[in-house]
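Trainee: Structure incoming, see below.
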Amino acid sequence: MEKKGWDGFEIGAMLRSFDGATRDIATTLPENRPYSVSNSFTASVADWRIEKPLFNKDYCIDCQFCWVYCPDMSIIARDKKMIGIDFDHCKGCGICVEVCPTNPKSLLMFPEQKDEETALAEWPKKEKKADTEEKED
Amino acid sequence: MLEIRWHSRAGQGAVTGAKGLADVVSTTGKHVQAFAFYGSAKRGAAMTAYNRVDDKVVMNHEKFMRPDYVLVIDPALVYVADITANEKDNTIYIVTTHMSTDELIASQPKLEGRKVYTVDCIKIAQETIGKAIPNTPMLGALMKVSGMYDIEFFKESMVKVLKKLPQKIIDANMIAIQRAYDEVK
Amino acid sequence: MADTMELRDIEVWDGNMAASHALRQVQVDVVAAYPITPSTPIVENYAGFTANGYVDGEFVMTESEHGAMSCCIGAAAAGGRVATATSSQGFALMVETLYSASGMRLPIVLNVVNRAIGAPLNVNGDHSDMYMGRDSGWIQLDSYCPQNAYDLNFIAFKVSEDHDVRLPAMVHQDGFMTSHTAQGVHTLTDEAAFNFVGVYQPMNDMLDLDHPVTHGVQTEEDWHFEHKARQQHALMTAVLPKIQAAFDDFEKLTGRKYNLVEAYDMEDAEVAVVCMGTSVETAREVAEEMRAQGIKAGVVGIRVFRPWPLEQIAAVLKDVKAIAALDRSSPHGTVGALYNEISGTLFNTDTKAVLTNYIYGLGGRDLTKAHLVSIFTDLKANADAGKVTTPLQQYIGLRGPKLSFF
């Protein structure tokens with residue numbers, strides 16, 4: 001944010017989310033919204049991460065748990081389908097991985113420098129547990 | 001400046017009486033003030049209310065007063081309250097009591113030598129309004145003793161002050177005011 | 001549309017009734033309150049007016065004064081004309097939220113019916129609560145009688161809601177001495193009263209859905225100072241001219257003249273008392289009586305306590321020889337607040353005035369004309385001697401041996 005003097009901003013402990021008037025903001029996709037400079041959407045926190053979540057769509061069941069639980073609204077979903085991660089705002093907390101219910105998980109944490117192709121190639125296989133095996137039979 | 005002190009019990013209507021008087025006096029172009037000492041404000045507790053009347057705006061907000069008139073609207077307060085406090089040589093007392101003025105002074109010697117008038121506002125209120133609310137009859141007595149206003153003018157003005165009450169109650173108050181005016185001695 | 005009420009030109013109202021009619025006439029949208037003696041009738045009457053169709057508004061009963069002001073803040077941020085009333089311990093509980101209201105630049109009008117703060121518990125009037133609010137960033141206007149309590153509410157709304165101001169305002173009146181004392185009050189018609197203040201003009205309101213805003217943000221050390229500076233700048237530069245303009249408009253409308261500093265008999269005064277509330281009027285009467293005895297006495301009434309009109313007060317007091325600052329609040333550990341303010345105002349000026357301090361009237365203790373005569377007599381001795389002949393801080397109207405400090 002531009003460093004302004006004491007008389008360089010609007011009065012009150014008040015911030016605007018958008019520049020200018022907005023209409024039907026709820027049906028406008030985030031990338032199309034006129035977010036203001038004081039809105040945290042315009043601030044990248046990518047460098048806060050040590051580890052990053054990567055997404056493997058082969059195992060995803062679109063349960064939306066990750067979307068619900070992400071504290072930074074960094075799971076990108078369209079038409080109730082998970083399509084990826086907003087790496088400008090993801091801080092690498094790992095909650096999405098924690099809540100992912102698939103086997104193997106559709107989201108896993110990797111070192112920040114890991115490339116996606118290698119990660120997907122190394123993705124773990126389905127774990128078979130003794131007790132679940134019996135029930136399945 | 002005319003100053004009046006009311007001795008009453010919380011719930012007997014001294015504040016309403018003082019404000020009603022202020023209301024009537026105000027319509028005649030004079031400046032008024034009406035206030036009270038509430039204390040703990042428990043129903044039945046002894047209390048005092050005050051009026052100031054003047055030709056110019058009343059700016060004095062001290063509670064201390066040397067009254068021209070002392071109006072006692074509860075008979076027992078003659079004996080338990082300091083009704084002669086801060087009196088002047090010519091302070092006039094109007095006391096609600098079933099006794100005659102002579103009997104009253106005999107029972108409360110500190111009223112000896114004062115200008116004392118008596119009227120039974122409690123009885124009048126009970127017989128007219130149906131409740132022992134002696135405030136409006138006391139105003140009738142005050143009109144007689146002070147000659148402040150013609151009684152017909154005063155009653156007409158009080159009808160306006162009491163306008164939110166049911167007509168039956170207003171009529172009873174008018175009779176009470178007139179009776180006290182006629183009966184005060 | 002709310003019903004109008006026919007008022008007589010002069011109504012015999014106490015200060016509470018006067019204030020509540022002002023709230024009705026400006027059609028306050030929201031009053032959120034936790035009623036407390038002696039301010040209760042203000043919000044009670046507003047609730048009655050609302051229930052009976054005389055105000056198109058909402059009365060919200062809250063669980064505490066903290067909740068009441070919090071609700072007022074929410075309603076003001078949403079974009080409504082908002083007011084409430086409180087006193088004493090209730091005011092104390094409100095204090096945290098008072099800073100939020102002013103920091104968020106929300107125009108709320110708070111009627112403070114001044115009352116002592118316990119312990120010991122006391123429902124009567126002194127200025128302890130008013131003094132407690134003096135750093136909270138609110139505009140503080142002071143009434144001396146029921147007429148003032150009525151008039152200053154209109155001034156408060158007009159100034160507070162001005163987009164160059166946007167700061168909340170308190171209208172103070174003395175508990176019981178004004179709030180429960182009925183006197184003649186010259187009224188405005190409902191139409192004239194409403195038009196004086198005008199239709200509420202929202203600013204940054206949350207209900208403007210096309211312009212979403214976040215109110216009450218966190219700043220920390222990197223921006224907090226700038227926000228507070230901006231708030232202080234508005235309070236120090238915008239408010240007094242706006243109050244003066246509102247006073248001028250009000251005089252044109254009603255003939256009643258108010259001033260940032262009320263100076264009575266000050267043109268040639270040698271001695272003067274500076275005070276607030278009902279004491280100002282009683283002191284005016286005594287000053288006139290002192291003049292009849294040859295003492296050139298004057299009275300300075302503080303009409304605007306915050307922002308403090310420093311230059312105007314210095315001008316009024318510049319030729320006086322002896323001044324007494326009368327504080328109706330225990331300063332607990334120093335000199336009285338008015339003494340401090342007057343000292344700070346006169347320091348660095350050319351005045352040679354001698355300044356003393358009187359603590360009086362705590363918990364509703366009567367300030368009699370006799371007390372004021374003794375103060376003016378002290379001041380005359382100070383003026384003649386050209387120095388302080390009494391202790392700097394004296395207690396007046398106190399039982400027992402004399403108490404004084406410094």
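To be explicit about the labels: the chains of the structure tokens are called A, B, and onward in the order shown, and within each one the residues are counted from 1, while ligands get numbers from 1 in the order they are shown.
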Pick out the residues sitting within 7 Å of region 10-17 of chain B, and hand them over as a PDB file with C-alpha atoms, in the first residue's frame; count only C-alpha atoms, and ignore anything fewer than 5 positions along from it in its own chain.

Mentor:
```pdb
ATOM      1  CA  ALA B  36     -38.030  18.289  44.270  1.00  0.00           C
ATOM      2  CA  ALA B  41     -37.693   8.139  46.421  1.00  0.00           C
ATOM      3  CA  LYS B  42     -39.507   5.338  48.208  1.00  0.00           C
ATOM      4  CA  ARG B  43     -43.269   5.638  48.291  1.00  0.00           C
ATOM      5  CA  GLY B  44     -44.313   7.053  51.652  1.00  0.00           C
ATOM      6  CA  ALA B  45     -40.958   8.645  52.468  1.00  0.00           C
ATOM      7  CA  ALA B  46     -41.030  12.297  53.509  1.00  0.00           C
ATOM      8  CA  MET B  47     -39.964  14.606  50.694  1.00  0.00           C
ATOM      9  CA  ALA B  49     -40.875  19.940  46.420  1.00  0.00           C
ATOM     10  CA  ILE B 133     -54.104  12.541  46.741  1.00  0.00           C
ATOM     11  CA  PRO B 134     -54.144  15.964  48.370  1.00  0.00           C
ATOM     12  CA  ASN B 135     -52.147  17.947  45.799  1.00  0.00           C
ATOM     13  CA  THR B 136     -54.855  19.656  43.719  1.00  0.00           C
TER      14      THR B 136
END
```

Trainee: When you look at Glu31 (chain A) with a cut-off of 12 Å (counting only C-alpha atoms), what residues show up, excluding the ones that are within fewer than 6 positions of it in the same chain? I need them as a JSON list (two decimals) with N, CA and C atoms, in the first residue's frame.

Mentor:
```
[["chain", "number", "residue", "atom", "x", "y", "z"],
["A", 25, "ILE", "N", -22.27, -8.23, -6.70],
["A", 25, "ILE", "CA", -20.90, -8.66, -6.43],
["A", 25, "ILE", "C", -20.86, -10.15, -6.12],
["A", 41, "PHE", "N", -7.25, -8.77, -1.08],
["A", 41, "PHE", "CA", -7.15, -9.55, -2.32],
["A", 41, "PHE", "C", -5.95, -9.11, -3.15],
["A", 42, "THR", "N", -5.61, -7.83, -3.04],
["A", 42, "THR", "CA", -4.52, -7.30, -3.86],
["A", 42, "THR", "C", -3.15, -7.53, -3.22],
["A", 76, "ILE", "N", -9.74, -22.62, -5.21],
["A", 76, "ILE", "CA", -10.52, -22.09, -6.32],
["A", 76, "ILE", "C", -11.49, -23.17, -6.79],
["A", 86, "ASP", "N", -5.21, -20.88, -5.09],
["A", 86, "ASP", "CA", -4.79, -19.49, -5.29],
["A", 86, "ASP", "C", -3.48, -19.29, -4.53]]
```

Trainee: Excluding Asp72 (chain A) and residues on its chain fewer than 2 positions from it, collect all residues at most 10 Å away from it, counting only C-alpha atoms, and give them as a list of chain:residue names.

Mentor: A:Phe41, A:Trp67, A:Tyr69, A:Cys70, A:Ser74, A:Ile75, A:Asp86, A:His89, A:Cys90, A:Lys91, A:Cys93

Trainee: Could you jot down the CA of Tyr34 (chain C) to CA of Ala19 (chain C) separation for me, Å, one decimal place?

Mentor: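 Result for CA of Tyr34 (chain C) versus CA of Ala19 (chain C): 16.7 Å, one decimal.
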
Trainee: Among region 257-375 of chain C, which ones does DSSP place in helix (DSSP H, G or I), written as a ChimeraX atom specification?

Mentor: /C:278-292,310-317,337-346,362-364,369-375

Trainee: Selected residues, C-alpha atoms, written as a CSV table (one decimal), in the first residue's frame, please.

Mentor:
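Result saved to result.csv:
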```
chain,number,residue,atom,x,y,z
C,278,THR,CA,-26.7,25.1,36.6
C,279,SER,CA,-24.0,26.8,38.6
C,280,VAL,CA,-23.4,29.3,35.8
C,281,GLU,CA,-26.9,30.7,36.1
C,282,THR,CA,-26.8,30.9,39.9
C,283,ALA,CA,-23.4,32.6,39.7
C,284,ARG,CA,-24.8,35.1,37.3
C,285,GLU,CA,-27.5,36.1,39.8
C,286,VAL,CA,-24.8,36.4,42.5
C,287,ALA,CA,-22.5,38.4,40.3
C,288,GLU,CA,-25.3,40.9,39.7
C,289,GLU,CA,-25.7,41.2,43.5
C,290,MET,CA,-22.0,41.6,44.0
C,291,ARG,CA,-22.0,44.5,41.5
C,292,ALA,CA,-24.7,46.2,43.5
C,310,LEU,CA,-8.8,27.9,24.2
C,311,GLU,CA,-8.4,31.2,22.3
C,312,GLN,CA,-11.9,32.4,23.0
C,313,ILE,CA,-11.6,31.7,26.8
C,314,ALA,CA,-8.2,33.4,26.9
C,315,ALA,CA,-9.8,36.4,25.2
C,316,VAL,CA,-12.7,36.6,27.7
C,317,LEU,CA,-10.4,36.3,30.7
C,337,ALA,CA,-9.8,19.9,35.6
C,338,LEU,CA,-11.2,23.3,35.0
C,339,TYR,CA,-8.4,24.8,37.0
C,340,ASN,CA,-5.9,22.9,34.8
C,341,GLU,CA,-7.6,23.9,31.6
C,342,ILE,CA,-7.8,27.6,32.6
C,343,SER,CA,-4.1,27.5,33.7
C,344,GLY,CA,-3.1,26.0,30.4
C,345,THR,CA,-5.2,28.5,28.6
C,346,LEU,CA,-3.8,31.6,30.3
C,362,LEU,CA,-20.2,16.6,44.9
C,363,GLY,CA,-23.0,14.1,44.9
C,364,GLY,CA,-25.6,16.9,44.4
C,369,LYS,CA,-25.8,31.8,46.6
C,370,ALA,CA,-24.0,32.3,50.0
C,371,HIS,CA,-21.2,30.0,48.8
C,372,LEU,CA,-20.8,32.0,45.7
C,373,VAL,CA,-20.7,35.3,47.7
C,374,SER,CA,-17.9,33.9,49.8
C,375,ILE,CA,-16.0,32.9,46.6
```

Trainee: Residues of chain A within 12 Å of chain C, counting only C-alpha atoms, what are they? List them as a PyMOL selection string.

Mentor: chain A and resi 1+3-26+34-36+38-40

Trainee: Could you list, as a PyMOL selection string, every residue within 9 Å of region 66-74 of chain B, counting only C-alpha atoms and ignoring same-chain residues fewer than 2 positions away?

Mentor: chain B and resi 2-9+12+14+50+64+76-78+83-88+90-97+120-122+133-135+138+142+146

Trainee: Taking only C-alpha atoms into account, which residues of chain B are within 10 Å of chain C, as a count of residues only?

Mentor: 35

Trainee: Just want the 7 Å neighbourhood of region 100-109 of chain B, counted on only C-alpha atoms, with same-chain residues fewer than 4 positions away dropped. Output as a VMD selection string.

Mentor: chain B and resid 79 116 to 118

Trainee: Kindly give the distance, in Å, that separates CA of Val159 (chain C) and CA of Asp3 (chain C), rounded to a single decimal.

Mentor: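 So the two atoms, CA of Val159 (chain C) and CA of Asp3 (chain C), lie 26.0 Å apart.
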
Trainee: At a cut-off of 7 Å, using only C-alpha atoms, what residues contact Ala75 (chain C)? Leave out same-chain residues fewer than 5 positions from it and give the result as a ChimeraX atom specification.

Mentor: /C:30,80,82

Trainee: If you count only C-alpha atoms, which residues fall within 7 Å of Thr351 (chain C), apart from same-chain ones fewer than 2 positions away, as a PDB file with N, CA and C atoms, in the first residue's frame?

Mentor:
```pdb
ATOM      1  N   LYS C 318      -8.835  37.899  29.646  1.00  0.00           N
ATOM      2  CA  LYS C 318      -7.518  38.547  29.584  1.00  0.00           C
ATOM      3  C   LYS C 318      -7.361  39.728  30.544  1.00  0.00           C
ATOM      4  N   ASP C 319      -8.439  40.449  30.851  1.00  0.00           N
ATOM      5  CA  ASP C 319      -8.292  41.641  31.686  1.00  0.00           C
ATOM      6  C   ASP C 319      -8.736  41.447  33.138  1.00  0.00           C
ATOM      7  N   LEU C 346      -4.314  30.242  30.001  1.00  0.00           N
ATOM      8  CA  LEU C 346      -3.779  31.584  30.282  1.00  0.00           C
ATOM      9  C   LEU C 346      -2.249  31.634  30.307  1.00  0.00           C
ATOM     10  N   THR C 349       0.116  33.813  28.018  1.00  0.00           N
ATOM     11  CA  THR C 349      -0.563  35.060  27.639  1.00  0.00           C
ATOM     12  C   THR C 349      -0.015  36.172  28.541  1.00  0.00           C
ATOM     13  N   ALA C 353      -3.509  37.593  35.906  1.00  0.00           N
ATOM     14  CA  ALA C 353      -4.590  37.152  36.787  1.00  0.00           C
ATOM     15  C   ALA C 353      -4.113  36.109  37.790  1.00  0.00           C
TER      16      ALA C 353
END
```

Trainee: In Å, how far is it from CA of Gly133 (chain C) to CA of Gln147 (chain C)?

Mentor: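 So the two atoms, CA of Gly133 (chain C) and CA of Gln147 (chain C), lie 23.1 Å apart.
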
Trainee: When DSSP is applied to the backbone of this structure, which of region 17-161 of chain B are assigned strand (DSSP E or B)? Write them out as an MDAnalysis selection string.

Mentor: chainID B and resid 31:37 46:54 69:72 92:96 115:119

Trainee: With C-alpha atoms retained, write the just-selected residues as a PDB file, in the first residue's frame.

Mentor:
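Dumped everything to selection_13.pdb:
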```
ATOM      1  CA  HIS B  31     -41.358  32.557  34.799  1.00  0.00           C
ATOM      2  CA  VAL B  32     -41.415  29.419  36.885  1.00  0.00           C
ATOM      3  CA  GLN B  33     -39.328  26.676  38.359  1.00  0.00           C
ATOM      4  CA  ALA B  34     -40.521  23.418  39.940  1.00  0.00           C
ATOM      5  CA  PHE B  35     -38.221  20.818  41.463  1.00  0.00           C
ATOM      6  CA  ALA B  36     -38.030  18.289  44.270  1.00  0.00           C
ATOM      7  CA  PHE B  37     -35.680  16.508  46.615  1.00  0.00           C
ATOM      8  CA  ALA B  46     -41.030  12.297  53.509  1.00  0.00           C
ATOM      9  CA  MET B  47     -39.964  14.606  50.694  1.00  0.00           C
ATOM     10  CA  THR B  48     -39.988  18.238  49.690  1.00  0.00           C
ATOM     11  CA  ALA B  49     -40.875  19.940  46.420  1.00  0.00           C
ATOM     12  CA  TYR B  50     -40.316  23.561  45.460  1.00  0.00           C
ATOM     13  CA  ASN B  51     -41.676  26.336  43.271  1.00  0.00           C
ATOM     14  CA  ARG B  52     -40.106  29.612  42.289  1.00  0.00           C
ATOM     15  CA  VAL B  53     -42.140  32.255  40.442  1.00  0.00           C
ATOM     16  CA  ASP B  54     -40.723  35.500  39.110  1.00  0.00           C
ATOM     17  CA  TYR B  69     -45.391  29.713  51.512  1.00  0.00           C
ATOM     18  CA  VAL B  70     -45.015  26.297  53.091  1.00  0.00           C
ATOM     19  CA  LEU B  71     -47.611  23.780  51.897  1.00  0.00           C
ATOM     20  CA  VAL B  72     -47.924  20.643  54.023  1.00  0.00           C
ATOM     21  CA  ILE B  92     -47.344  31.530  55.482  1.00  0.00           C
ATOM     22  CA  TYR B  93     -48.169  27.909  56.307  1.00  0.00           C
ATOM     23  CA  ILE B  94     -51.058  25.962  54.797  1.00  0.00           C
ATOM     24  CA  VAL B  95     -51.415  22.592  56.473  1.00  0.00           C
ATOM     25  CA  THR B  96     -53.582  19.604  55.672  1.00  0.00           C
ATOM     26  CA  LYS B 115     -49.507  32.731  59.915  1.00  0.00           C
ATOM     27  CA  VAL B 116     -51.083  29.280  59.747  1.00  0.00           C
ATOM     28  CA  TYR B 117     -54.038  28.147  57.671  1.00  0.00           C
ATOM     29  CA  THR B 118     -55.607  24.715  57.793  1.00  0.00           C
ATOM     30  CA  VAL B 119     -57.709  22.667  55.409  1.00  0.00           C
TER      31      VAL B 119
END
```
